[in-house]
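Undergrad: data.txt is the file, holding compact mmCIF, C-alpha atoms:
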# COMPACT_ATOMS: atom_id res chain seq x y z
CA MET A 1 0.00 0.00 0.00
CA ILE A 2 1.32 3.39 -0.96
CA ILE A 3 0.62 6.31 1.41
CA THR A 4 0.74 9.71 -0.19
CA MET A 5 1.95 12.51 2.10
CA PRO A 6 0.53 16.00 1.57
CA SER A 7 2.96 18.37 -0.02
CA ASN A 8 4.51 21.21 1.89
CA ASN A 9 2.61 23.62 -0.34
CA LEU A 10 -0.74 22.05 0.62
CA ILE A 11 0.10 22.15 4.33
CA PHE A 12 1.05 25.80 4.00
CA ARG A 13 -2.27 26.63 2.30
CA ILE A 14 -4.27 24.86 5.01
CA PHE A 15 -2.34 26.73 7.71
CA CYS A 16 -3.01 30.06 5.98
CA CYS A 17 -6.76 29.35 5.79
CA ILE A 18 -6.93 28.52 9.49
CA LEU A 19 -4.97 31.67 10.31
CA VAL A 20 -7.28 33.89 8.26
CA ILE A 21 -10.45 32.38 9.78
CA THR A 22 -9.08 32.80 13.29
CA PHE A 23 -8.00 36.39 12.59
CA PHE A 24 -11.41 37.52 11.37
CA ASN A 25 -13.49 35.63 13.93
CA PHE A 26 -11.52 36.44 17.07
CA PRO A 27 -12.08 40.22 17.23
CA THR A 28 -15.84 39.81 16.75
CA THR A 29 -16.13 37.21 19.51
CA LYS A 30 -13.94 39.25 21.79
CA ALA A 31 -15.93 42.44 21.24
CA GLN A 32 -19.23 40.68 21.85
CA ASN A 33 -17.96 39.09 25.05
CA GLU A 34 -16.77 42.47 26.32
CA ASP A 35 -20.14 44.20 25.89
CA ARG A 36 -21.58 45.06 29.28
CA VAL A 37 -24.56 46.99 30.60
CA TYR A 38 -24.64 48.84 33.90
CA PHE A 39 -27.66 48.75 36.18
CA GLU A 40 -28.51 52.02 37.91
CA HIS A 41 -31.90 51.99 39.59
CA GLN A 42 -35.36 50.48 39.75
CA ASN A 43 -38.70 51.69 41.08
CA CYS A 44 -41.67 49.35 41.33
CA SER A 45 -45.10 49.60 42.88
CA ALA A 46 -46.02 47.55 45.90
CA ASN A 47 -46.16 43.82 45.30
CA ILE A 48 -49.63 42.30 45.16
CA SER A 49 -51.18 39.09 43.96
CA LEU A 50 -51.55 39.82 40.26
CA PRO A 51 -54.29 38.12 38.26
CA SER A 52 -53.01 35.53 35.83
CA THR A 53 -54.26 37.53 32.84
CA TYR A 54 -52.11 40.51 33.81
CA GLN A 55 -49.10 38.28 34.46
CA ASN A 56 -49.52 36.63 31.06
CA ASN A 57 -49.78 40.04 29.40
CA LEU A 58 -46.57 41.12 31.13
CA ILE A 59 -44.82 38.04 29.77
CA THR A 60 -46.07 38.91 26.29
CA LEU A 61 -44.93 42.52 26.75
CA PHE A 62 -41.44 41.57 27.85
CA SER A 63 -41.16 39.14 24.95
CA SER A 64 -42.06 41.92 22.53
CA PHE A 65 -39.44 44.14 24.17
CA THR A 66 -36.61 41.67 23.60
CA SER A 67 -37.63 40.88 20.03
CA ASN A 68 -37.91 44.55 19.03
CA ALA A 69 -34.73 45.67 20.77
CA SER A 70 -32.69 43.96 18.07
CA ALA A 71 -34.13 46.33 15.47
CA LYS A 72 -34.83 49.68 17.19
CA LEU A 73 -33.70 51.88 20.06
CA PHE A 74 -37.21 52.94 21.06
CA TYR A 75 -40.41 50.94 21.21
CA ASN A 76 -43.80 51.25 22.86
CA THR A 77 -46.81 48.98 22.68
CA THR A 78 -50.03 47.94 24.40
CA ILE A 79 -51.00 44.38 25.26
CA LEU A 80 -54.79 44.55 25.33
CA GLY A 81 -56.76 42.60 27.91
CA GLY A 82 -59.63 44.72 29.20
CA ASN A 83 -58.92 45.60 32.83
CA SER A 84 -55.66 43.65 32.58
CA SER A 85 -54.17 45.64 29.68
CA VAL A 86 -50.50 46.50 29.96
CA TYR A 87 -48.76 49.54 28.47
CA GLY A 88 -45.03 49.32 27.98
CA MET A 89 -42.03 51.12 26.56
CA PHE A 90 -38.27 50.81 26.30
CA MET A 91 -35.70 53.39 25.24
CA CYS A 92 -32.02 52.74 24.60
CA ARG A 93 -29.38 55.45 24.62
CA GLY A 94 -29.12 57.04 21.21
CA ASP A 95 -25.41 56.36 20.71
CA ILE A 96 -25.29 52.62 21.40
CA PRO A 97 -25.44 49.82 18.79
CA LEU A 98 -28.51 47.61 18.49
CA ARG A 99 -26.69 44.57 19.85
CA LEU A 100 -26.10 46.40 23.13
CA CYS A 101 -29.68 47.70 23.19
CA LYS A 102 -30.92 44.14 22.89
CA GLN A 103 -28.61 43.00 25.67
CA CYS A 104 -29.68 45.84 27.97
CA VAL A 105 -33.40 45.33 27.35
CA GLY A 106 -32.97 41.59 27.85
CA ASN A 107 -31.21 42.12 31.17
CA ALA A 108 -33.86 44.59 32.31
CA THR A 109 -36.81 42.34 31.45
CA ARG A 110 -35.19 39.41 33.26
CA LYS A 111 -34.62 41.59 36.31
CA LEU A 112 -38.19 42.90 36.26
CA SER A 113 -39.44 39.32 35.98
CA THR A 114 -37.34 37.86 38.79
CA ASP A 115 -36.47 40.63 41.24
CA PRO A 116 -38.52 40.26 44.47
CA GLU A 117 -39.25 44.00 44.48
CA CYS A 118 -40.69 44.02 40.98
CA ASN A 119 -41.93 40.63 39.85
CA HIS A 120 -45.43 41.16 41.30
CA SER A 121 -45.77 44.87 40.60
CA ILE A 122 -48.56 46.53 38.67
CA GLU A 123 -46.09 48.99 37.22
CA GLY A 124 -42.33 49.27 37.14
CA PHE A 125 -39.38 51.33 35.97
CA MET A 126 -35.91 49.95 35.31
CA TRP A 127 -32.89 52.10 34.49
CA TYR A 128 -29.52 51.10 33.14
CA ALA A 129 -26.80 53.41 31.86
CA GLU A 130 -27.69 52.11 28.39
CA CYS A 131 -31.49 51.78 28.49
CA LYS A 132 -34.68 52.25 30.46
CA LEU A 133 -37.90 50.21 30.61
CA ARG A 134 -41.34 51.14 31.85
CA TYR A 135 -44.71 49.42 32.11
CA SER A 136 -48.05 50.17 33.74
CA ASN A 137 -51.72 49.21 33.73
CA VAL A 138 -52.55 52.83 32.79
CA SER A 139 -51.53 54.46 29.50
CA PHE A 140 -48.65 56.93 29.89
CA PHE A 141 -47.74 57.45 26.23
CA SER A 142 -47.07 61.05 25.13
CA ILE A 143 -47.40 62.30 28.72
CA VAL A 144 -44.47 64.01 30.46
CA ALA A 145 -43.51 62.03 33.58
CA THR A 146 -40.88 63.50 35.91
CA SER A 147 -41.65 61.30 38.89
CA PRO A 148 -40.15 59.16 40.22
CA GLU A 149 -36.84 60.92 39.65
CA TYR A 150 -33.34 59.72 40.31
CA ALA A 151 -30.12 61.76 40.41
CA LEU A 152 -26.51 60.68 40.73
CA PHE A 153 -23.33 62.74 40.90
CA ASN A 154 -19.58 62.40 40.90
CA ASN A 155 -18.08 63.02 44.35
CA ASN A 156 -15.34 65.18 42.84
CA ASN A 157 -15.85 68.91 42.36
CA VAL A 158 -14.84 70.79 39.23
CA SER A 159 -11.44 72.50 39.32
CA SER A 160 -12.84 75.92 38.70
CA ASN A 161 -12.27 79.21 40.47
CA SER A 162 -16.00 79.78 40.55
CA THR A 163 -18.67 77.15 40.99
CA ILE A 164 -21.25 79.73 39.95
CA SER A 165 -19.55 80.36 36.62
CA PHE A 166 -19.28 76.60 36.01
CA MET A 167 -22.96 76.06 36.76
CA ASN A 168 -23.90 78.89 34.39
CA PHE A 169 -21.69 77.32 31.72
CA LEU A 170 -23.26 73.93 32.42
CA ARG A 171 -26.79 75.31 32.23
CA ASN A 172 -26.14 77.00 28.90
CA THR A 173 -24.55 73.87 27.45
CA MET A 174 -27.33 71.60 28.71
CA ASN A 175 -29.99 73.98 27.37
CA GLN A 176 -28.39 73.87 23.91
CA THR A 177 -28.18 70.07 24.10
CA ALA A 178 -31.79 69.82 25.23
CA GLU A 179 -33.01 72.07 22.42
CA ALA A 180 -31.16 69.95 19.85
CA ALA A 181 -32.63 66.77 21.34
CA ALA A 182 -36.18 68.15 21.25
CA ASP A 183 -35.78 69.18 17.61
CA SER A 184 -34.37 65.82 16.50
CA GLU A 185 -36.53 62.94 15.34
CA ALA A 186 -34.69 60.59 17.69
CA ARG A 187 -35.17 62.99 20.65
CA PHE A 188 -31.47 62.58 21.37
CA SER A 189 -28.44 64.85 21.25
CA THR A 190 -24.90 65.20 22.57
CA LYS A 191 -22.67 68.23 22.75
CA GLU A 192 -19.06 69.06 23.62
CA ALA A 193 -18.12 72.48 24.99
CA ASN A 194 -14.71 73.79 26.03
CA LEU A 195 -14.69 74.94 29.62
CA SER A 196 -11.01 75.84 29.32
CA ARG A 197 -8.04 74.87 27.16
CA SER A 198 -7.62 71.66 29.11
CA GLN A 199 -11.21 70.90 30.15
CA THR A 200 -14.13 69.82 27.97
CA LEU A 201 -17.70 69.36 29.09
CA TYR A 202 -19.56 66.43 27.49
CA ALA A 203 -23.36 66.62 27.63
CA LEU A 204 -26.20 64.30 26.65
CA ALA A 205 -29.97 64.79 26.58
CA GLN A 206 -32.66 62.33 25.56
CA CYS A 207 -36.45 62.02 25.67
CA THR A 208 -38.71 59.10 24.88
CA GLN A 209 -39.75 59.39 21.25
CA ASP A 210 -43.46 59.44 22.01
CA LEU A 211 -43.09 62.99 23.40
CA SER A 212 -43.72 66.00 21.21
CA PRO A 213 -40.83 68.47 20.79
CA GLN A 214 -42.46 70.84 23.29
CA ASN A 215 -43.09 68.11 25.86
CA CYS A 216 -39.50 66.96 25.43
CA ARG A 217 -38.31 70.52 26.14
CA THR A 218 -40.52 70.67 29.22
CA CYS A 219 -39.15 67.40 30.58
CA LEU A 220 -35.50 68.23 29.96
CA ALA A 221 -35.90 71.76 31.35
CA GLU A 222 -37.10 70.31 34.64
CA GLY A 223 -34.07 68.05 34.78
CA ILE A 224 -31.71 70.95 34.10
CA GLU A 225 -33.37 72.99 36.86
CA ILE A 226 -32.57 70.21 39.34
CA LEU A 227 -28.81 70.29 38.66
CA PRO A 228 -27.95 73.20 41.03
CA THR A 229 -29.86 71.46 43.82
CA CYS A 230 -28.67 67.90 43.39
CA CYS A 231 -25.24 68.28 41.86
CA ASP A 232 -23.81 71.76 42.42
CA GLY A 233 -20.25 72.04 41.10
CA LYS A 234 -19.83 68.30 40.52
CA GLN A 235 -17.63 66.91 37.74
CA GLY A 236 -20.43 64.69 36.50
CA ALA A 237 -24.09 63.98 37.12
CA ARG A 238 -27.21 62.35 35.76
CA VAL A 239 -30.86 63.22 36.29
CA ILE A 240 -33.24 60.47 35.24
CA PHE A 241 -37.00 60.77 34.75
CA PRO A 242 -39.33 58.18 33.20
CA SER A 243 -39.78 60.48 30.17
CA CYS A 244 -36.28 61.92 29.75
CA ASN A 245 -32.78 62.11 31.16
CA ILE A 246 -29.72 64.35 31.11
CA TRP A 247 -26.11 63.43 31.71
CA TYR A 248 -22.85 65.37 31.75
CA GLU A 249 -19.22 64.51 32.48
CA MET A 250 -15.78 66.06 32.19
CA TYR A 251 -14.67 63.07 30.09
CA PRO A 252 -16.11 61.47 26.93
CA PHE A 253 -18.70 58.85 27.89
CA TYR A 254 -20.87 58.41 24.80
CA GLY A 255 -19.96 56.66 21.57
CA LEU A 256 -17.34 54.51 23.31
CA VAL A 257 -19.12 51.17 23.55
CA THR A 258 -16.47 49.32 21.55
CA ASP A 259 -13.84 50.42 24.06
CA ASN A 260 -15.83 48.82 26.89
CA ILE A 261 -15.41 51.88 29.12
CA PRO A 262 -17.83 51.75 32.07
CA PRO A 263 -19.38 54.93 33.49
CA LYS A 264 -17.36 56.29 36.38
CA THR A 265 -18.83 55.51 39.76
CA LEU A 266 -21.49 58.00 40.81
CA VAL A 267 -23.39 58.21 44.07
CA PRO A 268 -27.11 58.89 44.56
CA SER A 269 -27.93 62.48 45.35
CA PRO A 270 -29.81 62.81 48.68
CA GLY A 271 -33.44 63.70 48.16
CA PHE A 272 -33.47 62.55 44.53
CA SER A 273 -33.77 58.80 44.79
CA SER A 274 -36.65 56.40 45.00
CA SER A 275 -36.59 56.59 48.80
CA SER A 276 -37.95 60.12 48.63
CA SER A 277 -39.78 60.05 45.30
CA SER A 278 -43.33 58.92 44.94
CA SER A 279 -43.94 55.79 42.89
CA CYS A 280 -47.33 56.09 41.24
CA SER A 281 -48.93 52.88 42.45
CA ARG A 282 -52.40 52.11 41.16
CA ASP A 283 -54.84 49.40 42.11
CA LEU A 284 -55.48 46.83 39.42
CA GLU A 285 -59.14 46.36 38.65
CA ILE A 286 -60.08 42.74 38.08
What would the structure in this file look like if it were written as structure tokens?
TA:
Amino acid sequence: MIITMPSNNLIFRIFCCILVITFFNFPTTKAQNEDRVYFEHQNCSANISLPSTYQNNLITLFSSFTSNASAKLFYNTTILGGNSSVYGMFMCRGDIPLRLCKQCVGNATRKLSTDPECNHSIEGFMWYAECKLRYSNVSFFSIVATSPEYALFNNNNVSSNSTISFMNFLRNTMNQTAEAAADSEARFSTKEANLSRSQTLYALAQCTQDLSPQNCRTCLAEGIEILPTCCDGKQGARVIFPSCNIWYEMYPFYGLVTDNIPPKTLVPSPGFSSSSSSSCSRDLEI
């Protein structure tokens, strides 16, 4: 029996093919494995014994969230069921890719479904740095909601000779960002402004897309008005409402998903967390 050994040329070609396949597949796998989402806050109504119809409608709602998050950054829908109808919405940050939106929405729906504080709630809110989810037994579409609110800030103060001048600069920048967000179809905008030669302010504003431009302005304006109270002179802060949110930092924080850079650690601002905000709890009619 004669055994034919592969030629050196054939071995070299096979090696090259394996090398090329590995080269092109490895970065994609690595990038996908590095994607992360960052939980911030949740606010749910008091747990009760929910009727099975409402629970089933919630399951249907969450399923529609995860399926639509792979194709869009904003989605709202109604699962009809008479007195057990459920109204729901998700919004992902306007600068993130769809794959991360899907991951964030998936994480949020799982948490809403399993967390002891939320899994028997008539209505709930879930906030991540990358997305927010909301559901209720009462329609909230196209209505400005600024409660419950949640604010976080960076413990470090700005290196400025005057906190007042910084806050004026911040207000002007945030107002410009908010106006651009309200005028955009996506209800989202970012802006960079030079505080000094060595310091840049990065700002973000976003509303849920069901809001009209004027309602978006109203929501964002209320968030901007809170900044001097919650976050005076801080290097970074976020104010989060169900209908909109604002965010600023002294470092670039948007458009950097592929670099896997997490948001810097912020702390809740006293008086602006769920412990002091009212959660609109409603009785479910059966």
Undergrad: Please provide the set of residues having any atom within 12 Å of Thr60 of chain A, restricted to all atoms listed in the file, with same-chain residues fewer than 2 positions apart removed, written as an MDAnalysis selection string.
TA: chainID A and resid 53:58 62:67 77:81 85:88 109 113
Undergrad: With C-alpha atoms retained, write the just-selected residues as a PDB file, keeping the file's coordinate frame.
TA:
ATOM      1  CA  THR A  53     -54.260  37.530  32.840  1.00  0.00           C
ATOM      2  CA  TYR A  54     -52.110  40.510  33.810  1.00  0.00           C
ATOM      3  CA  GLN A  55     -49.100  38.280  34.460  1.00  0.00           C
ATOM      4  CA  ASN A  56     -49.520  36.630  31.060  1.00  0.00           C
ATOM      5  CA  ASN A  57     -49.780  40.040  29.400  1.00  0.00           C
ATOM      6  CA  LEU A  58     -46.570  41.120  31.130  1.00  0.00           C
ATOM      7  CA  PHE A  62     -41.440  41.570  27.850  1.00  0.00           C
ATOM      8  CA  SER A  63     -41.160  39.140  24.950  1.00  0.00           C
ATOM      9  CA  SER A  64     -42.060  41.920  22.530  1.00  0.00           C
ATOM     10  CA  PHE A  65     -39.440  44.140  24.170  1.00  0.00           C
ATOM     11  CA  THR A  66     -36.610  41.670  23.600  1.00  0.00           C
ATOM     12  CA  SER A  67     -37.630  40.880  20.030  1.00  0.00           C
ATOM     13  CA  THR A  77     -46.810  48.980  22.680  1.00  0.00           C
ATOM     14  CA  THR A  78     -50.030  47.940  24.400  1.00  0.00           C
ATOM     15  CA  ILE A  79     -51.000  44.380  25.260  1.00  0.00           C
ATOM     16  CA  LEU A  80     -54.790  44.550  25.330  1.00  0.00           C
ATOM     17  CA  GLY A  81     -56.760  42.600  27.910  1.00  0.00           C
ATOM     18  CA  SER A  85     -54.170  45.640  29.680  1.00  0.00           C
ATOM     19  CA  VAL A  86     -50.500  46.500  29.960  1.00  0.00           C
ATOM     20  CA  TYR A  87     -48.760  49.540  28.470  1.00  0.00           C
ATOM     21  CA  GLY A  88     -45.030  49.320  27.980  1.00  0.00           C
ATOM     22  CA  THR A 109     -36.810  42.340  31.450  1.00  0.00           C
ATOM     23  CA  SER A 113     -39.440  39.320  35.980  1.00  0.00           C
TER      24      SER A 113
END
Undergrad: Please return as a ChimeraX atom specification every residue within 6 Å of (-31.1, 66.8, 27.6), taking into account all atoms listed in the file and the file's own coordinates.
TA: /A:177-178,204-206,220,246
Undergrad: When you count all atoms listed in the file, which of these residues is closest to Cys101 of chain A: A:Leu50, A:Cys131, A:Ile122, A:Val144?
TA: A:Cys131
Undergrad: Can you work out the spacing between atom CA of Leu227 of chain A and atom CA of Gly94 of chain A in Å, to one decimal?
TA: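 That distance, rounded to one decimal, is 21.9 Å.
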Undergrad: Near segment 38-40 of chain A, counting only C-alpha atoms, which residues have an atom at most 8 Å away, once you skip same-chain residues fewer than 3 positions from it, shown as a list in words?
TA: Trp127, Tyr128, Ala129, Glu130 and Pro262 of chain A
Undergrad: What gap, in Å, lies between atom CA of Thr200 of chain A and atom CA of Leu98 of chain A?
TA: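 Taking atom CA of Thr200 of chain A and atom CA of Leu98 of chain A, their separation equals 28.1 Å.
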Undergrad: Restricting the calculation to all atoms listed in the file, which member of A:Ser147, A:Gln199, A:Asn157, A:Thr208 is positioned closest to Arg93 of chain A?
TA: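 Of all the options, A:Thr208 lies closest to Arg93 of chain A.
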Undergrad: Please identify all polymer residues within 8 Å of Ser212 of chain A, counting all atoms listed in the file, omitting same-chain residues fewer than 3 positions from it, and present them as a PyMOL selection string.
TA: chain A and resi 142+182+209+215-216
Undergrad: Given the choices A:Asp95, A:Lys102, A:Lys234, A:Phe90, which gets closest to Val37 of chain A if the distance is worked out from all atoms listed in the file?
TA: A:Lys102
Undergrad: Return the single residue from A:Ala46, A:Ala193, A:Ala181, A:Ile240 that is closest to Ile226 of chain A, with distances computed using all atoms listed in the file.
TA: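 Among the listed residues, A:Ile240 lies closest to Ile226 of chain A.
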Undergrad: Just to confirm, what's the straight-line distance from atom CA of Lys191 of chain A to atom CA of Thr229 of chain A in Å (one decimal)?
TA: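 That distance, rounded to one decimal, is 22.5 Å.
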Undergrad: With N, CA and C atoms as the atom set, please write segment 53-84 of chain A from the structure just given, as a compact mmCIF listing (two decimals), in the first residue's frame.
TA:
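Done, and the output landed in part-v5.txt:
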# COMPACT_ATOMS: atom_id res chain seq x y z
N THR A 53 -54.16 36.85 34.14
CA THR A 53 -54.26 37.53 32.84
C THR A 53 -53.23 38.65 32.74
N TYR A 54 -53.09 39.42 33.80
CA TYR A 54 -52.11 40.51 33.81
C TYR A 54 -50.69 39.96 33.74
N GLN A 55 -50.42 38.90 34.50
CA GLN A 55 -49.10 38.28 34.46
C GLN A 55 -48.77 37.77 33.06
N ASN A 56 -49.74 37.13 32.42
CA ASN A 56 -49.52 36.63 31.06
C ASN A 56 -49.27 37.78 30.08
N ASN A 57 -50.00 38.89 30.27
CA ASN A 57 -49.78 40.04 29.40
C ASN A 57 -48.41 40.66 29.62
N LEU A 58 -47.93 40.63 30.86
CA LEU A 58 -46.57 41.12 31.13
C LEU A 58 -45.54 40.25 30.42
N ILE A 59 -45.74 38.95 30.46
CA ILE A 59 -44.82 38.04 29.77
C ILE A 59 -44.80 38.34 28.28
N THR A 60 -45.98 38.57 27.71
CA THR A 60 -46.07 38.91 26.29
C THR A 60 -45.38 40.24 26.01
N LEU A 61 -45.57 41.22 26.91
CA LEU A 61 -44.93 42.52 26.75
C LEU A 61 -43.42 42.40 26.76
N PHE A 62 -42.89 41.70 27.74
CA PHE A 62 -41.44 41.57 27.85
C PHE A 62 -40.85 40.83 26.64
N SER A 63 -41.61 39.85 26.15
CA SER A 63 -41.16 39.14 24.95
C SER A 63 -41.09 40.08 23.75
N SER A 64 -42.08 40.96 23.63
CA SER A 64 -42.06 41.92 22.53
C SER A 64 -40.93 42.92 22.68
N PHE A 65 -40.57 43.25 23.93
CA PHE A 65 -39.44 44.14 24.17
C PHE A 65 -38.16 43.52 23.60
N THR A 66 -37.87 42.29 24.00
CA THR A 66 -36.61 41.67 23.60
C THR A 66 -36.53 41.44 22.10
N SER A 67 -37.66 41.11 21.47
CA SER A 67 -37.63 40.88 20.03
C SER A 67 -37.46 42.17 19.25
N ASN A 68 -38.01 43.27 19.75
CA ASN A 68 -37.91 44.55 19.03
C ASN A 68 -36.61 45.29 19.31
N ALA A 69 -35.96 44.97 20.42
CA ALA A 69 -34.73 45.67 20.77
C ALA A 69 -33.59 45.34 19.81
N SER A 70 -33.72 44.29 19.04
CA SER A 70 -32.69 43.96 18.07
C SER A 70 -32.81 44.79 16.80
N ALA A 71 -33.91 45.58 16.70
CA ALA A 71 -34.13 46.33 15.47
C ALA A 71 -34.33 47.83 15.70
N LYS A 72 -34.57 48.26 16.93
CA LYS A 72 -34.83 49.68 17.19
C LYS A 72 -34.41 50.06 18.60
N LEU A 73 -34.13 51.36 18.76
CA LEU A 73 -33.70 51.88 20.06
C LEU A 73 -34.86 52.38 20.91
N PHE A 74 -36.02 52.52 20.31
CA PHE A 74 -37.21 52.94 21.06
C PHE A 74 -38.41 52.12 20.59
N TYR A 75 -39.25 51.76 21.56
CA TYR A 75 -40.41 50.94 21.21
C TYR A 75 -41.46 51.09 22.30
N ASN A 76 -42.71 51.28 21.90
CA ASN A 76 -43.80 51.25 22.86
C ASN A 76 -44.97 50.47 22.27
N THR A 77 -45.72 49.83 23.15
CA THR A 77 -46.81 48.98 22.68
C THR A 77 -47.82 48.77 23.80
N THR A 78 -48.98 48.26 23.43
CA THR A 78 -50.03 47.94 24.40
C THR A 78 -50.46 46.49 24.21
N ILE A 79 -50.48 45.74 25.29
CA ILE A 79 -51.00 44.38 25.26
C ILE A 79 -52.42 44.45 25.82
N LEU A 80 -53.41 44.35 24.94
CA LEU A 80 -54.79 44.55 25.33
C LEU A 80 -55.34 43.34 26.09
N GLY A 81 -56.13 43.66 27.12
CA GLY A 81 -56.76 42.60 27.91
C GLY A 81 -57.80 43.15 28.84
N GLY A 82 -58.60 44.13 28.36
CA GLY A 82 -59.63 44.72 29.20
C GLY A 82 -59.01 45.40 30.41
N ASN A 83 -59.47 45.03 31.61
CA ASN A 83 -58.92 45.60 32.83
C ASN A 83 -57.51 45.12 33.13
N SER A 84 -57.02 44.17 32.38
CA SER A 84 -55.66 43.65 32.58
C SER A 84 -54.71 44.08 31.46
